[in-house]
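> What follows is data-v8.csv, CSV, C-alpha atoms.
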```
chain,number,residue,atom,x,y,z
A,1,MET,CA,-19.0,-163.7,90.1
A,2,ASN,CA,-22.4,-164.3,91.4
A,3,TRP,CA,-21.0,-164.6,95.0
A,4,ILE,CA,-19.4,-161.2,94.6
A,5,ASN,CA,-22.5,-159.6,93.2
A,6,ASN,CA,-24.9,-161.3,95.5
A,7,TYR,CA,-23.1,-161.2,98.8
A,8,VAL,CA,-19.9,-159.1,98.9
A,9,ARG,CA,-21.1,-156.0,97.2
A,10,PRO,CA,-24.4,-155.7,99.2
A,11,ARG,CA,-22.4,-156.4,102.3
A,12,ILE,CA,-20.0,-153.5,101.6
A,13,ASN,CA,-22.9,-151.2,100.7
A,14,SER,CA,-24.7,-152.1,104.0
A,15,ILE,CA,-21.6,-151.2,106.0
A,16,PHE,CA,-21.2,-147.8,104.5
A,17,SER,CA,-24.9,-147.0,104.5
A,18,ARG,CA,-24.9,-147.3,108.3
A,19,ARG,CA,-23.2,-143.9,108.7
A,20,GLU,CA,-25.7,-141.8,110.5
A,21,THR,CA,-26.2,-138.2,109.3
A,22,PRO,CA,-26.7,-135.8,112.2
A,23,GLU,CA,-30.0,-134.0,112.1
A,24,ASN,CA,-30.4,-130.2,112.1
A,25,LEU,CA,-27.2,-129.5,110.2
A,26,TRP,CA,-29.1,-127.2,107.9
A,27,SER,CA,-31.8,-124.5,108.5
A,28,LYS,CA,-34.0,-122.9,105.9
A,29,CYS,CA,-34.4,-119.1,105.9
A,30,ASP,CA,-38.1,-118.3,106.3
A,31,GLU,CA,-37.6,-115.1,104.2
A,32,CYS,CA,-35.5,-116.1,101.2
A,33,GLY,CA,-35.6,-119.9,101.4
A,34,MET,CA,-31.8,-120.2,101.5
A,35,MET,CA,-30.4,-123.4,103.2
A,36,LEU,CA,-27.9,-122.3,105.8
A,37,PHE,CA,-25.3,-124.5,107.6
A,38,HIS,CA,-26.0,-124.5,111.3
A,39,ARG,CA,-22.5,-123.4,112.3
A,40,GLU,CA,-22.6,-120.5,109.8
A,41,LEU,CA,-26.0,-119.5,111.1
A,42,SER,CA,-25.2,-119.6,114.8
A,43,GLY,CA,-21.9,-117.8,114.1
A,44,ASN,CA,-24.0,-115.0,112.6
A,45,LEU,CA,-26.3,-114.9,115.6
A,46,ASN,CA,-29.2,-116.6,113.7
A,47,VAL,CA,-29.2,-113.9,111.0
A,48,CYS,CA,-29.5,-115.1,107.4
A,49,THR,CA,-26.2,-114.6,105.6
A,50,SER,CA,-28.0,-114.2,102.3
A,51,CYS,CA,-30.9,-111.8,103.0
A,52,GLY,CA,-30.3,-110.5,106.5
A,53,HIS,CA,-33.5,-112.0,107.9
A,54,HIS,CA,-33.4,-112.1,111.7
A,55,MET,CA,-34.5,-115.6,112.9
A,56,ALA,CA,-35.5,-116.5,116.5
A,57,ILE,CA,-32.7,-116.8,119.1
A,58,THR,CA,-33.0,-118.0,122.6
A,59,ALA,CA,-32.3,-115.8,125.6
A,60,ARG,CA,-29.3,-117.8,126.7
A,61,ASP,CA,-27.7,-117.7,123.2
A,62,ARG,CA,-28.3,-114.0,123.0
A,63,PHE,CA,-26.6,-113.4,126.4
A,64,GLU,CA,-23.6,-115.6,125.4
A,65,ALA,CA,-23.2,-113.4,122.3
A,66,LEU,CA,-23.9,-110.1,124.2
A,67,PHE,CA,-21.7,-110.4,127.3
A,68,ASP,CA,-17.9,-110.2,127.1
A,69,VAL,CA,-16.4,-113.6,126.4
A,70,GLY,CA,-19.9,-115.0,126.9
A,71,ILE,CA,-19.6,-114.8,130.7
A,72,PHE,CA,-22.5,-113.6,132.8
A,73,THR,CA,-24.1,-114.3,136.2
A,74,GLU,CA,-27.7,-115.4,136.4
A,75,ILE,CA,-29.9,-113.6,138.9
A,76,ASP,CA,-32.4,-115.7,140.8
A,77,VAL,CA,-36.0,-114.7,140.3
A,78,PRO,CA,-38.6,-115.4,143.0
A,79,ALA,CA,-40.9,-118.2,141.8
A,80,PRO,CA,-44.6,-117.3,141.9
A,81,VAL,CA,-47.5,-119.6,142.9
A,82,VAL,CA,-48.0,-122.2,140.2
A,83,ASP,CA,-51.4,-122.3,138.5
A,84,PRO,CA,-53.2,-119.9,140.9
A,85,LEU,CA,-56.4,-120.1,138.9
A,86,GLN,CA,-56.4,-123.9,138.4
A,87,PHE,CA,-56.6,-123.2,134.7
A,88,ARG,CA,-57.2,-126.0,132.2
A,89,ASP,CA,-57.9,-126.0,128.5
A,90,GLN,CA,-56.8,-129.0,126.4
A,91,LYS,CA,-54.0,-129.5,129.0
A,92,LYS,CA,-53.5,-128.5,132.5
A,93,TYR,CA,-51.4,-125.3,133.0
A,94,PRO,CA,-48.7,-127.1,135.0
A,95,ASP,CA,-48.4,-129.7,132.2
A,96,ARG,CA,-47.9,-126.9,129.7
A,97,LEU,CA,-45.2,-125.4,131.9
A,98,LYS,CA,-43.4,-128.7,132.2
A,99,ALA,CA,-43.5,-129.3,128.5
A,100,ALA,CA,-42.1,-125.8,127.8
A,101,GLN,CA,-39.3,-126.3,130.4
A,102,LYS,CA,-38.4,-129.7,128.8
A,103,VAL,CA,-38.2,-128.2,125.3
A,104,THR,CA,-36.3,-125.0,126.2
A,105,GLY,CA,-34.3,-126.1,129.2
A,106,GLU,CA,-35.3,-122.9,131.0
A,107,ALA,CA,-37.4,-122.4,134.1
A,108,GLU,CA,-39.6,-119.7,132.5
A,109,ALA,CA,-40.0,-117.2,129.8
A,110,MET,CA,-37.5,-114.6,131.0
A,111,LEU,CA,-33.8,-114.8,131.9
A,112,VAL,CA,-32.1,-112.2,134.1
A,113,ALA,CA,-28.3,-111.8,134.3
A,114,GLU,CA,-25.5,-109.3,135.0
A,115,GLY,CA,-22.1,-108.9,133.5
A,116,GLU,CA,-20.1,-106.7,131.3
A,117,ILE,CA,-20.5,-105.7,127.6
A,118,GLY,CA,-17.4,-103.9,126.2
A,119,ARG,CA,-16.1,-103.6,129.8
A,120,THR,CA,-19.4,-101.8,130.7
A,121,PRO,CA,-21.3,-103.4,133.6
A,122,ILE,CA,-25.0,-103.9,133.1
A,123,VAL,CA,-28.1,-105.8,134.2
A,124,ALA,CA,-30.0,-107.5,131.4
A,125,ALA,CA,-33.3,-109.3,131.1
A,126,CYS,CA,-34.4,-111.2,128.0
A,127,GLN,CA,-37.6,-112.9,127.0
A,128,ASP,CA,-37.5,-116.3,125.3
A,129,PHE,CA,-40.2,-116.6,122.7
A,130,SER,CA,-39.8,-120.3,122.5
A,131,PHE,CA,-41.1,-120.6,126.1
A,132,MET,CA,-44.9,-120.4,125.6
A,133,ALA,CA,-44.5,-117.5,123.1
A,134,GLY,CA,-42.6,-115.5,125.7
A,135,SER,CA,-45.9,-114.7,127.3
A,136,MET,CA,-46.0,-112.3,130.3
A,137,GLY,CA,-47.1,-113.9,133.5
A,138,MET,CA,-46.3,-113.5,137.2
A,139,TYR,CA,-42.8,-114.9,136.7
A,140,VAL,CA,-42.0,-112.3,134.0
A,141,GLY,CA,-43.3,-109.6,136.3
A,142,ASN,CA,-41.1,-110.9,139.1
A,143,ALA,CA,-38.1,-111.1,136.8
A,144,ILE,CA,-38.4,-107.4,135.7
A,145,ILE,CA,-38.8,-106.2,139.3
A,146,THR,CA,-35.8,-108.3,140.3
A,147,ALA,CA,-33.7,-106.9,137.4
A,148,ALA,CA,-34.7,-103.3,138.3
A,149,GLU,CA,-34.0,-103.8,142.0
A,150,ARG,CA,-30.6,-105.3,141.2
A,151,ALA,CA,-29.8,-102.4,138.8
A,152,VAL,CA,-30.7,-99.8,141.4
A,153,ALA,CA,-28.7,-101.6,144.2
A,154,THR,CA,-25.6,-101.8,142.0
A,155,GLY,CA,-25.9,-98.6,140.1
A,156,LYS,CA,-26.0,-100.3,136.7
A,157,PRO,CA,-28.2,-99.6,133.7
A,158,LEU,CA,-30.9,-102.1,132.7
A,159,VAL,CA,-31.1,-103.5,129.2
A,160,LEU,CA,-34.2,-105.5,128.3
A,161,PHE,CA,-34.9,-107.6,125.2
A,162,SER,CA,-38.6,-108.1,124.6
A,163,ALA,CA,-40.2,-110.9,122.6
A,164,ALA,CA,-43.7,-111.9,123.5
A,165,GLY,CA,-47.1,-112.8,122.2
A,166,GLY,CA,-48.7,-110.8,125.0
A,167,ALA,CA,-50.1,-111.7,128.5
A,168,ARG,CA,-50.4,-115.3,129.5
A,169,MET,CA,-54.0,-116.3,129.4
A,170,GLN,CA,-53.6,-119.2,131.9
A,171,GLU,CA,-53.0,-116.6,134.6
A,172,GLY,CA,-55.9,-114.4,133.6
A,173,ILE,CA,-56.1,-111.0,135.5
A,174,LEU,CA,-52.9,-111.9,137.4
A,175,SER,CA,-50.9,-111.7,134.1
A,176,LEU,CA,-52.5,-108.3,133.3
A,177,MET,CA,-51.5,-107.0,136.7
A,178,GLN,CA,-47.9,-107.3,135.6
A,179,MET,CA,-48.4,-104.3,133.5
A,180,PRO,CA,-48.6,-101.8,136.4
A,181,ARG,CA,-46.1,-103.8,138.4
A,182,THR,CA,-43.4,-103.6,135.8
A,183,THR,CA,-44.3,-99.9,135.2
A,184,VAL,CA,-43.5,-99.2,138.8
A,185,ALA,CA,-40.3,-101.1,138.6
A,186,ILE,CA,-39.2,-99.0,135.6
A,187,GLN,CA,-40.0,-95.9,137.5
A,188,MET,CA,-37.6,-97.0,140.2
A,189,LEU,CA,-34.8,-96.9,137.6
A,190,LYS,CA,-35.8,-93.4,136.4
A,191,GLU,CA,-35.9,-92.1,140.0
A,192,ALA,CA,-32.4,-93.5,140.6
A,193,GLY,CA,-31.1,-91.8,137.4
A,194,LEU,CA,-30.2,-95.1,135.7
A,195,PRO,CA,-30.7,-95.7,132.0
A,196,TYR,CA,-33.3,-98.2,130.9
A,197,ILE,CA,-32.8,-99.4,127.3
A,198,VAL,CA,-35.3,-101.6,125.5
A,199,VAL,CA,-34.5,-103.8,122.5
A,200,LEU,CA,-37.7,-104.9,120.8
A,201,THR,CA,-37.4,-108.1,118.9
A,202,HIS,CA,-39.8,-110.1,116.7
A,203,PRO,CA,-42.5,-110.2,117.8
A,204,THR,CA,-43.4,-107.9,120.6
A,205,THR,CA,-47.1,-107.6,121.1
A,206,GLY,CA,-50.1,-107.2,123.4
A,207,GLY,CA,-49.7,-106.1,127.0
A,208,VAL,CA,-45.9,-106.3,126.8
A,209,THR,CA,-45.9,-103.5,124.2
A,210,ALA,CA,-48.5,-101.6,126.3
A,211,SER,CA,-46.2,-101.6,129.4
A,212,TYR,CA,-42.5,-102.1,129.9
A,213,ALA,CA,-41.5,-102.7,126.3
A,214,MET,CA,-42.3,-99.1,125.3
A,215,LEU,CA,-41.0,-97.2,128.4
A,216,GLY,CA,-37.3,-97.2,127.6
A,217,ASP,CA,-35.1,-94.1,127.7
A,218,VAL,CA,-33.9,-95.4,124.4
A,219,GLN,CA,-36.0,-97.7,122.1
A,220,ILE,CA,-34.1,-99.9,119.7
A,221,ALA,CA,-35.6,-102.6,117.5
A,222,GLU,CA,-34.2,-105.4,115.3
A,223,PRO,CA,-34.9,-105.1,111.6
A,224,ASN,CA,-38.5,-106.0,110.4
A,225,ALA,CA,-39.6,-106.9,114.0
A,226,LEU,CA,-43.4,-106.9,114.5
A,227,ILE,CA,-44.2,-104.4,117.3
A,228,CYS,CA,-47.9,-103.8,118.1
A,229,PHE,CA,-50.7,-104.2,120.6
A,230,ALA,CA,-53.3,-105.8,118.3
A,231,GLY,CA,-52.0,-107.6,115.2
A,232,PRO,CA,-52.3,-106.1,111.7
A,233,ARG,CA,-54.9,-108.7,110.6
A,234,VAL,CA,-57.2,-107.8,113.5
A,235,ILE,CA,-56.9,-104.1,112.8
A,236,ALA,CA,-57.5,-104.5,109.1
A,237,GLN,CA,-60.7,-106.6,109.8
A,238,THR,CA,-61.8,-104.0,112.4
A,239,ILE,CA,-61.5,-100.9,110.3
A,240,GLY,CA,-62.2,-102.6,107.0
A,241,GLU,CA,-59.3,-101.0,105.2
A,242,LYS,CA,-56.1,-102.1,103.7
A,243,LEU,CA,-53.1,-101.2,105.9
A,244,PRO,CA,-50.0,-99.4,104.7
A,245,GLU,CA,-47.0,-101.4,103.5
A,246,GLY,CA,-44.8,-102.6,106.4
A,247,PHE,CA,-47.4,-101.5,108.9
A,248,GLN,CA,-46.3,-102.1,112.6
A,249,ARG,CA,-42.9,-103.3,111.5
A,250,ALA,CA,-39.8,-101.8,113.1
A,251,GLU,CA,-38.9,-99.6,110.1
A,252,TYR,CA,-42.4,-98.2,109.9
A,253,LEU,CA,-42.4,-97.3,113.6
A,254,LEU,CA,-39.0,-95.7,113.3
A,255,GLU,CA,-40.2,-93.5,110.5
A,256,HIS,CA,-43.3,-92.5,112.6
A,257,GLY,CA,-41.3,-91.6,115.7
A,258,MET,CA,-42.0,-94.5,118.0
A,259,LEU,CA,-38.5,-95.9,117.9
A,260,ASP,CA,-35.0,-94.3,118.2
A,261,ARG,CA,-33.0,-96.9,116.2
A,262,VAL,CA,-33.3,-100.0,114.1
A,263,THR,CA,-30.1,-102.0,114.5
A,264,LYS,CA,-28.9,-105.3,113.2
A,265,ARG,CA,-28.4,-108.0,115.7
A,266,THR,CA,-24.8,-108.4,114.7
A,267,GLU,CA,-24.2,-104.7,115.5
A,268,MET,CA,-26.3,-104.6,118.6
A,269,LYS,CA,-23.6,-105.0,121.2
A,270,GLU,CA,-21.4,-102.1,119.9
A,271,GLU,CA,-24.6,-100.0,119.7
A,272,LEU,CA,-25.5,-100.7,123.3
A,273,VAL,CA,-22.0,-100.1,124.6
A,274,SER,CA,-21.8,-96.7,123.0
A,275,ILE,CA,-25.3,-95.6,124.2
A,276,ILE,CA,-24.8,-96.9,127.7
A,277,ARG,CA,-21.4,-95.3,128.2
A,278,MET,CA,-22.8,-92.0,126.9
A,279,LEU,CA,-25.8,-92.1,129.2
A,280,MET,CA,-23.7,-93.1,132.2
A,281,HIS,CA,-21.2,-90.3,131.5
A,282,MET,CA,-18.4,-92.8,130.9
A,283,PRO,CA,-15.5,-92.3,128.4
A,284,PRO,CA,-15.9,-93.9,125.0
A,285,PRO,CA,-15.1,-97.6,124.7
A,286,VAL,CA,-11.6,-98.6,123.7
A,287,MET,CA,-11.8,-100.3,120.3
A,288,GLY,CA,-10.8,-103.9,120.4
A,289,ASP,CA,-10.9,-103.9,124.2
A,290,LEU,CA,-7.3,-102.8,124.4
A,291,PRO,CA,-5.9,-101.2,127.5
A,292,LYS,CA,-5.2,-97.5,127.6
A,293,PRO,CA,-1.6,-96.5,126.7
A,294,SER,CA,-1.3,-94.7,130.0
A,295,GLU,CA,-1.4,-98.2,131.7
A,296,TYR,CA,2.0,-99.0,130.2
A,297,PRO,CA,4.8,-96.7,131.4
A,298,GLU,CA,7.1,-97.9,128.6
A,299,LEU,CA,4.7,-96.5,126.0
A,300,ALA,CA,4.4,-93.1,127.6
A,301,ALA,CA,6.0,-90.1,125.8
A,302,PRO,CA,9.6,-89.4,126.7
A,303,ALA,CA,10.1,-86.6,129.2
A,304,ASP,CA,12.7,-84.6,127.2
A,305,ALA,CA,14.4,-84.3,123.9
A,306,GLU,CA,17.4,-86.3,125.0
A,307,THR,CA,15.3,-89.2,126.1
A,308,ALA,CA,13.3,-89.0,122.8
A,309,GLU,CA,16.5,-89.1,120.8
A,310,THR,CA,17.7,-92.2,122.8
A,311,ALA,CA,14.3,-93.9,122.2
A,312,LYS,CA,14.7,-93.3,118.4
A,313,GLU,CA,18.2,-95.0,118.5
```
Using the file provided, produce a representation of the structure as structure tokens.

Amino acid sequence: MNWINNYVRPRINSIFSRRETPENLWSKCDECGMMLFHRELSGNLNVCTSCGHHMAITARDRFEALFDVGIFTEIDVPAPVVDPLQFRDQKKYPDRLKAAQKVTGEAEAMLVAEGEIGRTPIVAACQDFSFMAGSMGMYVGNAIITAAERAVATGKPLVLFSAAGGARMQEGILSLMQMPRTTVAIQMLKEAGLPYIVVLTHPTTGGVTASYAMLGDVQIAEPNALICFAGPRVIAQTIGEKLPEGFQRAEYLLEHGMLDRVTKRTEMKEELVSIIRMLMHMPPPVMGDLPKPSEYPELAAPADAETAETAKE
């Protein structure tokens, strides 16, 4: 009996206890505290199924959900000079870039692609907040210019998803120069008569808000997204007054006329398809991506009454 208790049972327990439990199977909602299974969360585009809180999503995951069947073609962006100011704080700037690239798997803070959404061709650009807070540097400026030039060359609308903490301090004045550069790029679209739609996500702040993020023909935001130049805490300390409830959040800006729509992420694709097709003078999208009946001769109406009677039989 002692042999069973002292050897066999511990041996069996040690075998079963070796099962490794995968990490990151559950995520906690920052808003309501609900524990969410990772497949359920990713299937709902990182939107809490309990309270509807919109969590962060990478640019690549957003594009996979946005484009039809998740298929899109990346557009190459010219790489700028690395570390033009030889900037260094606690780390060298190139070291920070390499660390961000390793964590995110992306070359920089913005991804540019083209493809179809609801059978509607578009060019899209998306900032990735997980890459150095989506900060606007020379690469981001090049990305927006590249996206605008591609849209003009192909006659497609441009959809931009913004998410940034502002300009990138490691590039100094060169990052601030991206504000006029991107403004000129957006003007190219307007002169070509092509729609420019901006989707502001949480958070969109600083020089990004003061330039290309607020120049859209249509301004859409995700629910409860923080959209501002200076943050609410800075403003409250500056003016010495308590700010209104929900100040600088998407719903507040919609109420005060700075946005056109506030749309849930899970409904964003259908919203964009409808708006783009209307602005491009295209027919409404076919629900369910079904072919038009006219494409099938056997489904066409019979030519005469005799044919109709035969069809009924």
> From the options A:Val82, A:Val152, A:Val47, A:Ala147, which residue's atoms come nearest to Asp95 (chain A), counting all atoms listed in the file?
A:Val82
> Between CA of Leu66 (chain A) and CA of Leu200 (chain A), what is the distance in Å, rounded to a tenth?
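It comes out at 15.1 Å.
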> Can you work out which one of A:Ser130, A:Gly207, A:Lys156, A:Cys48 has the shortest atom-to-atom distance to Gly193 (chain A), counting all atoms listed in the file?
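Ranking A:Ser130, A:Gly207, A:Lys156, A:Cys48 by distance to Gly193 (chain A), first place goes to A:Lys156.
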> Could you jot down the CA of Ala99 (chain A) to CA of Phe63 (chain A) separation for me, Å, one decimal place?
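So the answer is 23.3 Å.
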> Can you tell me, as a PDB file with C-alpha atoms, in the coordinates of the input, which residues sit within 12 Å of (-22.4, -112.8, 123.4) in the file's frame, using only C-alpha atoms?

```pdb
ATOM      1  CA  SER A  42     -25.200-119.600 114.800  1.00  0.00           C
ATOM      2  CA  GLY A  43     -21.900-117.800 114.100  1.00  0.00           C
ATOM      3  CA  ASN A  44     -24.000-115.000 112.600  1.00  0.00           C
ATOM      4  CA  LEU A  45     -26.300-114.900 115.600  1.00  0.00           C
ATOM      5  CA  ILE A  57     -32.700-116.800 119.100  1.00  0.00           C
ATOM      6  CA  THR A  58     -33.000-118.000 122.600  1.00  0.00           C
ATOM      7  CA  ALA A  59     -32.300-115.800 125.600  1.00  0.00           C
ATOM      8  CA  ARG A  60     -29.300-117.800 126.700  1.00  0.00           C
ATOM      9  CA  ASP A  61     -27.700-117.700 123.200  1.00  0.00           C
ATOM     10  CA  ARG A  62     -28.300-114.000 123.000  1.00  0.00           C
ATOM     11  CA  PHE A  63     -26.600-113.400 126.400  1.00  0.00           C
ATOM     12  CA  GLU A  64     -23.600-115.600 125.400  1.00  0.00           C
ATOM     13  CA  ALA A  65     -23.200-113.400 122.300  1.00  0.00           C
ATOM     14  CA  LEU A  66     -23.900-110.100 124.200  1.00  0.00           C
ATOM     15  CA  PHE A  67     -21.700-110.400 127.300  1.00  0.00           C
ATOM     16  CA  ASP A  68     -17.900-110.200 127.100  1.00  0.00           C
ATOM     17  CA  VAL A  69     -16.400-113.600 126.400  1.00  0.00           C
ATOM     18  CA  GLY A  70     -19.900-115.000 126.900  1.00  0.00           C
ATOM     19  CA  ILE A  71     -19.600-114.800 130.700  1.00  0.00           C
ATOM     20  CA  PHE A  72     -22.500-113.600 132.800  1.00  0.00           C
ATOM     21  CA  GLY A 115     -22.100-108.900 133.500  1.00  0.00           C
ATOM     22  CA  GLU A 116     -20.100-106.700 131.300  1.00  0.00           C
ATOM     23  CA  ILE A 117     -20.500-105.700 127.600  1.00  0.00           C
ATOM     24  CA  GLY A 118     -17.400-103.900 126.200  1.00  0.00           C
ATOM     25  CA  ARG A 265     -28.400-108.000 115.700  1.00  0.00           C
ATOM     26  CA  THR A 266     -24.800-108.400 114.700  1.00  0.00           C
ATOM     27  CA  GLU A 267     -24.200-104.700 115.500  1.00  0.00           C
ATOM     28  CA  MET A 268     -26.300-104.600 118.600  1.00  0.00           C
ATOM     29  CA  LYS A 269     -23.600-105.000 121.200  1.00  0.00           C
ATOM     30  CA  GLU A 270     -21.400-102.100 119.900  1.00  0.00           C
TER      31      GLU A 270
END
```
> Please determine, counting all atoms listed in the file, which residue among A:Pro203, A:Pro121, A:Pro78, A:Pro223 has the shortest atom-to-atom distance to Ala151 (chain A).
A:Pro121
> Got a sec: who's within 10 Å of Met55 (chain A), counting only C-alpha atoms, leaving out chain neighbours fewer than 3 positions off, as a ChimeraX atom specification?
/A:29-31,41,45-48,52,202
> Given the choices A:Gly257, A:Gly105, A:Gly206, A:Pro232, which gets closest to Ile220 (chain A) if the distance is worked out from all atoms listed in the file?
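Looking only at the distances to Ile220 (chain A), the closest residue turns out to be A:Gly257.
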> I want to know what sits within 10 Å of region 212-216 of chain A, based on all atoms listed in the file, with residues of the same chain fewer than 3 positions away left out; could you give that as a PyMOL selection string?
chain A and resi 141+144+158-164+178-187+190+195-200+204-205+207-209+219-220+227+258-259
> Separation of CA of Thr49 (chain A) and CA of Glu251 (chain A), in Å?
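Separation between CA of Thr49 (chain A) and CA of Glu251 (chain A): 20.2 Å.
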> List the spatial neighbours of Pro84 (chain A) as a list of chain:residue names - criterion: any atom at most 12 Å away, only C-alpha atoms, same-chain residues fewer than 5 positions off excluded.
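After dropping sequence-adjacent residues, the list is A:Tyr93, A:Pro94, A:Gly137, A:Met138, A:Gln170, A:Glu171, A:Gly172, A:Ile173, A:Leu174, A:Ser175.
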> Restricting the output to C-alpha atoms, write the selected residues as an mmCIF file, in the coordinates of the input.

```
data_model
loop_
_atom_site.group_PDB
_atom_site.id
_atom_site.type_symbol
_atom_site.label_atom_id
_atom_site.label_comp_id
_atom_site.auth_asym_id
_atom_site.auth_seq_id
_atom_site.Cartn_x
_atom_site.Cartn_y
_atom_site.Cartn_z
ATOM 1 C CA TYR A 93 -51.400 -125.300 133.000
ATOM 2 C CA PRO A 94 -48.700 -127.100 135.000
ATOM 3 C CA GLY A 137 -47.100 -113.900 133.500
ATOM 4 C CA MET A 138 -46.300 -113.500 137.200
ATOM 5 C CA GLN A 170 -53.600 -119.200 131.900
ATOM 6 C CA GLU A 171 -53.000 -116.600 134.600
ATOM 7 C CA GLY A 172 -55.900 -114.400 133.600
ATOM 8 C CA ILE A 173 -56.100 -111.000 135.500
ATOM 9 C CA LEU A 174 -52.900 -111.900 137.400
ATOM 10 C CA SER A 175 -50.900 -111.700 134.100
#
```
> Contacts of Asn224 (chain A) at 10 Å or less, counting all atoms listed in the file, minus same-chain residues fewer than 2 places along, as a ChimeraX atom specification?
/A:53-54,201-203,221-222,226-227,246,248-252,262
